[in-house]
Amino acid sequence: MDDKLIKISFSLNGKSLTKNVSPSLFLIDFIRDELKLKGTKPGCREGECGACTVLVNGVAINSCLFLAINIHGKELITIEGLSSIEKPLHPIQEKMLEHGAVQCGFCSTGIVLTTKAFDDECRSDGKIPSRQEVKKSLEGHLCRCTGYTKIVDAAEDYLTHSSF
Amino acid sequence: MDKKLKIIGKSTSKLDGNDRVSGRSVYGHDIELPNMLYAKILRSKYTCAKIKYIDCSKALALEGVEYILTAKNLDVNMIGYKRDHPILKGETVNCQRDEIAAVAATSREIAAKAVSLIKVEYEEIKGIYDPFEALKTEARKINLNGQGEEKFGNKNIAESFEYSHGELKSMKKLSKVIVSRRYQFPRVTHCCMGTSNITADYSIIDGKLTLYSSTQVPFLYQRDMAHALKMEPSKIRIIQPIIGGGFGSKLDMLPFEPICALLSIKTGKPVQLLYSREEEFIASPTRQAMVIDLTSGVDEKGKFTFREVQITMDNGAYTSWGATTPFVMMQAYSSLYQIAACKFQADAVYTNNPNAGSFRGYGNPQATFSIERNIDLMAEELGLGKDEIRLLNANFPGEITGQGLLFKTCGAKPALLKVIEESNYKMKNREKQSGRYRRGVGLASMLHVGGGAKIYRSDGCGTRLKLDHYGFLTIITGSSEIGQGSETVLAMIACEELGIPLTHIKVINSDTDVKPWDVGVHASRTSFVAGNSLLGAISIIKQKLNSKAAQLMGCKNSDFVYENGFIKACEKEVKIDKVVREMHFGNPNKLCVAEYFFEPTSSFQDKDFKGDVSGNYAFASQVAEVEVDTYTGKVNVINMYVSQDVGRVLNPMGLQGQIEGGLATGLGYALTEEMIYEDGYLTNPSFHEYKLLTAMDMPEVHFYPIETMDEAGPYGSKGAGEAPLIPTAAAIANAVSNALGVEFLSVPLTPEKVLKALSEKNNHKTANSQIL
């Protein structure tokens, strides 16, 4: 039970932070219970639903399958990191609202972050994804409310119309 | 006389969508209260056993354990629709889900450790998992609190329904074709993305209990909780945090909820209980598993003559609201299409499987599947088009069905015609298929309540309005939001009627200490009932505003127009906030408030289940177009054509979301979802093994709303939330049958099942050719 705590330094939503964490602590629990950032959602804790998605060095990962110690030296972005006083909503979030892609909302924050990571990937490759590719990028997210169509519409709208 | 509407009928984003999409919304999982404890439940090791003893001593000795609750010395009432469900089980266990003990501890880890230290000794008994076995006279009585023997003549019947209309015998004689089939439906589950949760906070100072609960029915829940705990209902305050999906799963209060409340009462501290995903699969409600024996007939002209149906439902070990799904199913059998005679019998039978619950559609997907499969078979045998036979028998405006449902408006035929035309059904249905990939089309319709359902003593909803002197409106509604967008529709209605912008409207709907009574979110009722209630309150507040505005503008008996924050009359205008200020601060001082309780005009059904149970009725048709890979058995749904009588479209984007979301659940029911049990144990309690569809699996959805402008609904609207998933599995099964020329008698149509059906067909062919 009594793991020896390990010191990690990382960047949380753009700010440097040092914490002592147990080596067996999952990132999702670190984020929700210790950092008190509740926008990262616990949907299944088995890497199937995508609700707990966060960005580690820009890559979308399931925080329920990732140990907190592994963010040492890395950049962690949670959904809270997409909001600022000047711009409370990221354009992806605005697109999701515009397209009606949010119902109960439990899966929404993870989808926003996956779409952001996919957008970064497309930009660095200099390509505009097809609808099929957009669907494929969202395959790791489960949603029981929307039937996905509006989520794909919102992501596609953002990914194909945001300025390059 | 239809006035031009400003916002009703225009796509409007979800009112609190920005909080949900930015992670600001507080779900039950996110609540942290000072000094809060964490609870965990110990469930049964066996699906059927006697409990010899429970030893909590080791667990109690663990540091951080504050309380362990067992059935011992517990002064509580049983719960459930039939009050046949002990909160904690002390003598016998009847299913895998059964709660034996619950721990409250200072951390989740300690609570889990403590549960593992509780020692229980059982004496295993052979369980009964098949309802037909349970019905046998020699079967053991499964739920010792059941009253089946006294009420229904069999100890293992939990609930039973009988219904009939028309002359069955003579209609059978008139029939040219009669088709009998047995259909089987497995359990499936809601898979709310947010798992079940509750946080209970009991005050030892004043004896008040606050529950942060994701119930869909806060006032029934308050009553059920009070009954279970032997408390005064008004000492229990239900606060609904943001709910991570409902779909019917939160209609029943389940044991974990009073358990968590009791742990808070016993410790005097707040206690939180969250389900893991595995626990959610094992211990949250399911759709009814059932066997349907349906015989239906048609005369030589293609008119339906009768339906005779016997339904055996697997109730599980305890009885939930789900046992009343026959209320809805009998409507489908008695009244979907014109039916001269109908005989309906349904039994909910106790087994040692987990107790089923209610699920969006409420029995109707199963009933509709059987009805629509039989229709295709009858049409084939009669040599009539599958579209023609449905059009010939379609429901019509003004129809009073055998059960007494009155279809004041009815979009059944327009919906059928629309999907037949748009999908090019006629042509595609005739195409002969060969080769590896075969395409097919399938048609199915449905009937569902559209204006609530009068089952409880009231099907009503209360509203209170408060207009402040800055021109902001607060709508306090009894209804609840579970993601479906009802509060957005309410704000749109207020905006339409009072000319107040959406940004100036707040909806308060989550606190039983504040909001007026409502029966709950179910039966596709919220926009209908809460919308009508709001319109009633608006009409009262307008009278008050009109009278003050008239005084201020110096005109009388004029038509008052509410627009852009102004009240206009006799070519003058006054700002609405000024009118309120004059009311508040003028003489005599008055508040600008109003309240209204809306009760639908629908009636209770009589003891024979006859009567007009809903304010109006929704109709829908769907055509599924599929492509089946005959090598792998995989069914790919390419297109879904959906037409639904929604009365009037209030929020097109919100409606489309309900349609697409419902369809997705219907598609999963048709193709992939199944809870697989072995002797009462769930073998696939994870998203690995219980296959939900993803974005990759969704077909193109073509939606055509039918607007029948039903005067009972707000602006002519009808309930819409459940309809989209009801005919989907039937349409897909009809399409796969059309593609392959084989029959399906159960869902889901997994690749294994498709390949098996194909191979049986081929064997049959080979056998026939050998005979020849």
# chains A, B, ... in the order shown; residues from 1 in each chain; ligands from 1
>>> residues_around(residues="range 214-221 of chain B", least_positions_apart="2", cutoff="10 Å", atoms="only C-alpha atoms", output="JSON, numbers by chain")
{"B": [27, 28, 194, 195, 196, 197, 198, 199, 211, 212, 223, 224, 225, 226, 227, 233, 236, 237, 238, 239, 240, 241, 242, 243, 244, 245, 246, 247, 248, 249, 250, 251, 252, 253, 254, 257, 456, 478, 479, 480, 481, 482, 510, 511, 512, 515, 516, 517, 518, 519, 520, 521, 522]}
>>> residues_around(residues="Gly647 in chain B", least_positions_apart="6", cutoff="6 Å", atoms="only C-alpha atoms", output="PDB file with all heavy atoms, in the first residue's frame")
ATOM      1  N   GLU B 707     -45.115  17.133 -39.583  1.00  0.00           N
ATOM      2  CA  GLU B 707     -45.736  18.074 -38.645  1.00  0.00           C
ATOM      3  C   GLU B 707     -47.243  17.989 -38.765  1.00  0.00           C
ATOM      4  O   GLU B 707     -47.817  18.389 -39.769  1.00  0.00           O
ATOM      5  CB  GLU B 707     -45.222  19.486 -38.914  1.00  0.00           C
ATOM      6  CG  GLU B 707     -43.715  19.603 -38.654  1.00  0.00           C
ATOM      7  CD  GLU B 707     -43.225  21.039 -38.610  1.00  0.00           C
ATOM      8  OE1 GLU B 707     -43.478  21.780 -39.579  1.00  0.00           O
ATOM      9  OE2 GLU B 707     -42.595  21.409 -37.591  1.00  0.00           O
ATOM     10  N   THR B 708     -47.875  17.443 -37.732  1.00  0.00           N
ATOM     11  CA  THR B 708     -49.337  17.285 -37.759  1.00  0.00           C
ATOM     12  C   THR B 708     -50.028  18.341 -36.912  1.00  0.00           C
ATOM     13  O   THR B 708     -51.251  18.371 -36.832  1.00  0.00           O
ATOM     14  CB  THR B 708     -49.729  15.885 -37.262  1.00  0.00           C
ATOM     15  OG1 THR B 708     -49.054  15.629 -36.035  1.00  0.00           O
ATOM     16  CG2 THR B 708     -49.387  14.811 -38.273  1.00  0.00           C
ATOM     17  N   MET B 709     -49.246  19.186 -36.239  1.00  0.00           N
ATOM     18  CA  MET B 709     -49.800  20.306 -35.454  1.00  0.00           C
ATOM     19  C   MET B 709     -50.909  19.843 -34.507  1.00  0.00           C
ATOM     20  O   MET B 709     -52.060  20.222 -34.645  1.00  0.00           O
ATOM     21  CB  MET B 709     -50.338  21.402 -36.395  1.00  0.00           C
ATOM     22  CG  MET B 709     -49.297  21.939 -37.343  1.00  0.00           C
ATOM     23  SD  MET B 709     -48.031  22.876 -36.450  1.00  0.00           S
ATOM     24  CE  MET B 709     -46.855  23.178 -37.757  1.00  0.00           C
ATOM     25  N   ASP B 710     -50.543  19.040 -33.563  1.00  0.00           N
ATOM     26  CA  ASP B 710     -51.530  18.519 -32.616  1.00  0.00           C
ATOM     27  C   ASP B 710     -51.806  19.566 -31.539  1.00  0.00           C
ATOM     28  O   ASP B 710     -50.897  19.999 -30.841  1.00  0.00           O
ATOM     29  CB  ASP B 710     -51.003  17.242 -31.962  1.00  0.00           C
ATOM     30  CG  ASP B 710     -52.073  16.536 -31.182  1.00  0.00           C
ATOM     31  OD1 ASP B 710     -52.436  17.018 -30.090  1.00  0.00           O
ATOM     32  OD2 ASP B 710     -52.563  15.508 -31.680  1.00  0.00           O
ATOM     33  N   GLY B 716     -48.179  22.659 -30.987  1.00  0.00           N
ATOM     34  CA  GLY B 716     -48.570  21.529 -31.830  1.00  0.00           C
ATOM     35  C   GLY B 716     -47.634  20.344 -31.746  1.00  0.00           C
ATOM     36  O   GLY B 716     -47.752  19.394 -32.520  1.00  0.00           O
ATOM     37  N   SER B 717     -46.692  20.360 -30.793  1.00  0.00           N
ATOM     38  CA  SER B 717     -45.658  19.324 -30.780  1.00  0.00           C
ATOM     39  C   SER B 717     -46.078  18.066 -30.023  1.00  0.00           C
ATOM     40  O   SER B 717     -47.032  18.070 -29.256  1.00  0.00           O
ATOM     41  CB  SER B 717     -44.382  19.890 -30.149  1.00  0.00           C
ATOM     42  OG  SER B 717     -44.622  20.208 -28.796  1.00  0.00           O
ATOM     43  N   LYS B 718     -45.341  17.011 -30.267  1.00  0.00           N
ATOM     44  CA  LYS B 718     -45.525  15.728 -29.593  1.00  0.00           C
ATOM     45  C   LYS B 718     -44.192  15.266 -29.032  1.00  0.00           C
ATOM     46  O   LYS B 718     -43.145  15.693 -29.504  1.00  0.00           O
ATOM     47  CB  LYS B 718     -46.002  14.656 -30.593  1.00  0.00           C
ATOM     48  CG  LYS B 718     -47.316  14.957 -31.275  1.00  0.00           C
ATOM     49  CD  LYS B 718     -47.678  13.834 -32.251  1.00  0.00           C
ATOM     50  CE  LYS B 718     -49.086  14.085 -32.811  1.00  0.00           C
ATOM     51  NZ  LYS B 718     -49.535  12.953 -33.652  1.00  0.00           N
TER      52      LYS B 718
END
>>> select_by_dssp(residues="range 442-547 of chain B", states="strand (DSSP E or B)", output="number ranges by chain")
B: 442-449, 461-467, 473-477, 505-508, 511, 518
>>> closest_residue(among="A:Ser124, A:Gln103, A:Gln132, A:Thr160", to="chain B", atoms="only C-alpha atoms")
A:Gln103
>>> interface_residues(of="chain A", to="chain B", cutoff="9 Å", atoms="only C-alpha atoms", output="compact mmCIF listing (two decimals) with C-alpha atoms, in the first residue's frame")
# COMPACT_ATOMS: atom_id res chain seq x y z
CA ARG A 32 -9.12 14.53 -10.59
CA LEU A 37 -9.46 19.22 -12.25
CA LYS A 38 -12.80 17.50 -12.74
CA GLY A 39 -13.28 18.07 -16.46
CA THR A 40 -11.39 14.82 -17.16
CA LYS A 41 -14.16 12.24 -16.89
CA PRO A 42 -14.02 8.68 -15.52
CA GLY A 43 -16.14 6.72 -18.01
CA CYS A 44 -14.76 3.18 -17.79
CA ARG A 45 -11.19 3.19 -16.37
CA GLU A 46 -10.30 0.48 -18.85
CA GLU A 48 -12.35 1.81 -23.88
CA CYS A 49 -14.52 4.93 -23.75
CA ALA A 51 -13.92 10.15 -21.73
CA ILE A 79 -9.75 20.32 -20.88
CA GLU A 80 -9.35 23.22 -18.44
CA LEU A 82 -8.22 25.05 -23.44
CA SER A 83 -9.98 27.93 -21.72
CA PRO A 88 -13.19 30.87 -22.63
CA LEU A 89 -14.10 28.42 -25.41
CA HIS A 90 -11.77 26.84 -27.95
CA GLN A 93 -15.89 23.62 -28.47
CA GLU A 94 -17.76 26.37 -30.29
CA MET A 96 -19.54 21.29 -31.04
CA LEU A 97 -22.15 23.63 -29.59
CA GLU A 98 -23.03 25.03 -33.02
CA HIS A 99 -23.59 21.53 -34.41
CA GLY A 100 -25.50 20.19 -31.40
CA ALA A 101 -22.77 17.64 -30.63
CA VAL A 102 -23.29 17.85 -26.87
CA GLN A 103 -26.11 16.15 -24.99
CA CYS A 104 -25.26 14.79 -21.55
CA GLY A 105 -21.72 16.02 -22.11
CA PHE A 106 -19.89 13.27 -20.24
CA CYS A 107 -17.94 12.24 -23.35
CA SER A 108 -17.58 15.76 -24.75
CA THR A 109 -14.39 16.97 -23.09
CA VAL A 112 -12.56 18.03 -27.77
CA GLN A 132 -13.87 9.02 -43.12
CA LYS A 135 -14.66 9.39 -38.11
CA LYS A 136 -11.64 7.17 -37.70
CA LEU A 138 -12.97 9.59 -33.10
CA GLU A 139 -13.26 5.81 -33.06
CA GLY A 140 -11.84 5.62 -29.53
CA HIS A 141 -14.72 7.60 -28.03
CA LEU A 142 -18.01 6.12 -26.91
CA CYS A 143 -21.14 8.26 -26.75
CA ARG A 144 -24.60 6.98 -25.87
CA CYS A 145 -26.55 10.19 -26.45
CA THR A 146 -25.80 11.64 -29.85
CA GLY A 147 -25.34 8.79 -32.31
CA TYR A 148 -21.99 10.43 -33.24
CA THR A 149 -23.22 12.16 -36.41
CA LYS A 150 -23.17 15.64 -34.92
CA ILE A 151 -19.85 15.02 -33.23
CA VAL A 152 -18.34 14.04 -36.57
>>> residues_around(residues="Lys556 in chain B", least_positions_apart="2", cutoff="10 Å", atoms="only C-alpha atoms", output="list in words")
Asn546, Ser547, Ala549, Ala550, Gln551, Met553, Gly554, Ser558, Asp559, Phe560, Ala569 and Cys570 of chain B
>>> write_last_selection(atoms="N, CA and C atoms", output="PDB file, in the first residue's frame")
ATOM      1  N   ASN B 546     -49.471  42.797 -18.662  1.00  0.00           N
ATOM      2  CA  ASN B 546     -50.354  43.573 -19.545  1.00  0.00           C
ATOM      3  C   ASN B 546     -51.057  44.681 -18.772  1.00  0.00           C
ATOM      4  N   SER B 547     -51.547  44.315 -17.603  1.00  0.00           N
ATOM      5  CA  SER B 547     -52.340  45.280 -16.871  1.00  0.00           C
ATOM      6  C   SER B 547     -51.471  46.458 -16.412  1.00  0.00           C
ATOM      7  N   ALA B 549     -48.577  47.350 -17.874  1.00  0.00           N
ATOM      8  CA  ALA B 549     -48.102  48.040 -19.079  1.00  0.00           C
ATOM      9  C   ALA B 549     -49.197  48.965 -19.621  1.00  0.00           C
ATOM     10  N   ALA B 550     -50.431  48.485 -19.566  1.00  0.00           N
ATOM     11  CA  ALA B 550     -51.556  49.284 -20.059  1.00  0.00           C
ATOM     12  C   ALA B 550     -51.658  50.577 -19.264  1.00  0.00           C
ATOM     13  N   GLN B 551     -51.478  50.419 -17.942  1.00  0.00           N
ATOM     14  CA  GLN B 551     -51.522  51.571 -17.055  1.00  0.00           C
ATOM     15  C   GLN B 551     -50.410  52.569 -17.410  1.00  0.00           C
ATOM     16  N   MET B 553     -48.774  52.876 -20.245  1.00  0.00           N
ATOM     17  CA  MET B 553     -48.861  53.451 -21.603  1.00  0.00           C
ATOM     18  C   MET B 553     -50.175  54.191 -21.816  1.00  0.00           C
ATOM     19  N   GLY B 554     -51.071  54.054 -20.852  1.00  0.00           N
ATOM     20  CA  GLY B 554     -52.356  54.740 -20.967  1.00  0.00           C
ATOM     21  C   GLY B 554     -53.242  54.184 -22.050  1.00  0.00           C
ATOM     22  N   SER B 558     -55.891  46.331 -25.399  1.00  0.00           N
ATOM     23  CA  SER B 558     -55.214  46.262 -26.684  1.00  0.00           C
ATOM     24  C   SER B 558     -54.568  44.887 -26.830  1.00  0.00           C
ATOM     25  N   ASP B 559     -54.084  44.591 -28.035  1.00  0.00           N
ATOM     26  CA  ASP B 559     -53.238  43.411 -28.197  1.00  0.00           C
ATOM     27  C   ASP B 559     -51.838  43.788 -27.757  1.00  0.00           C
ATOM     28  N   PHE B 560     -51.320  43.043 -26.831  1.00  0.00           N
ATOM     29  CA  PHE B 560     -49.979  43.358 -26.338  1.00  0.00           C
ATOM     30  C   PHE B 560     -48.967  42.472 -27.062  1.00  0.00           C
ATOM     31  N   ALA B 569     -48.021  48.158 -27.369  1.00  0.00           N
ATOM     32  CA  ALA B 569     -49.479  48.222 -27.541  1.00  0.00           C
ATOM     33  C   ALA B 569     -49.842  49.632 -27.969  1.00  0.00           C
ATOM     34  N   CYS B 570     -50.916  49.756 -28.627  1.00  0.00           N
ATOM     35  CA  CYS B 570     -51.462  51.028 -29.125  1.00  0.00           C
ATOM     36  C   CYS B 570     -50.344  51.985 -29.580  1.00  0.00           C
TER      37      CYS B 570
END
>>> closest_residue(among="B:Leu749, B:Val179, B:Val76, B:Ala200", to="Ser296 in chain B", atoms="only C-alpha atoms")
B:Val179
>>> residues_around(residues="Val54 in chain A", least_positions_apart="3", cutoff="6 Å", atoms="only C-alpha atoms", output="ChimeraX atom specification")
/A:60-61,78
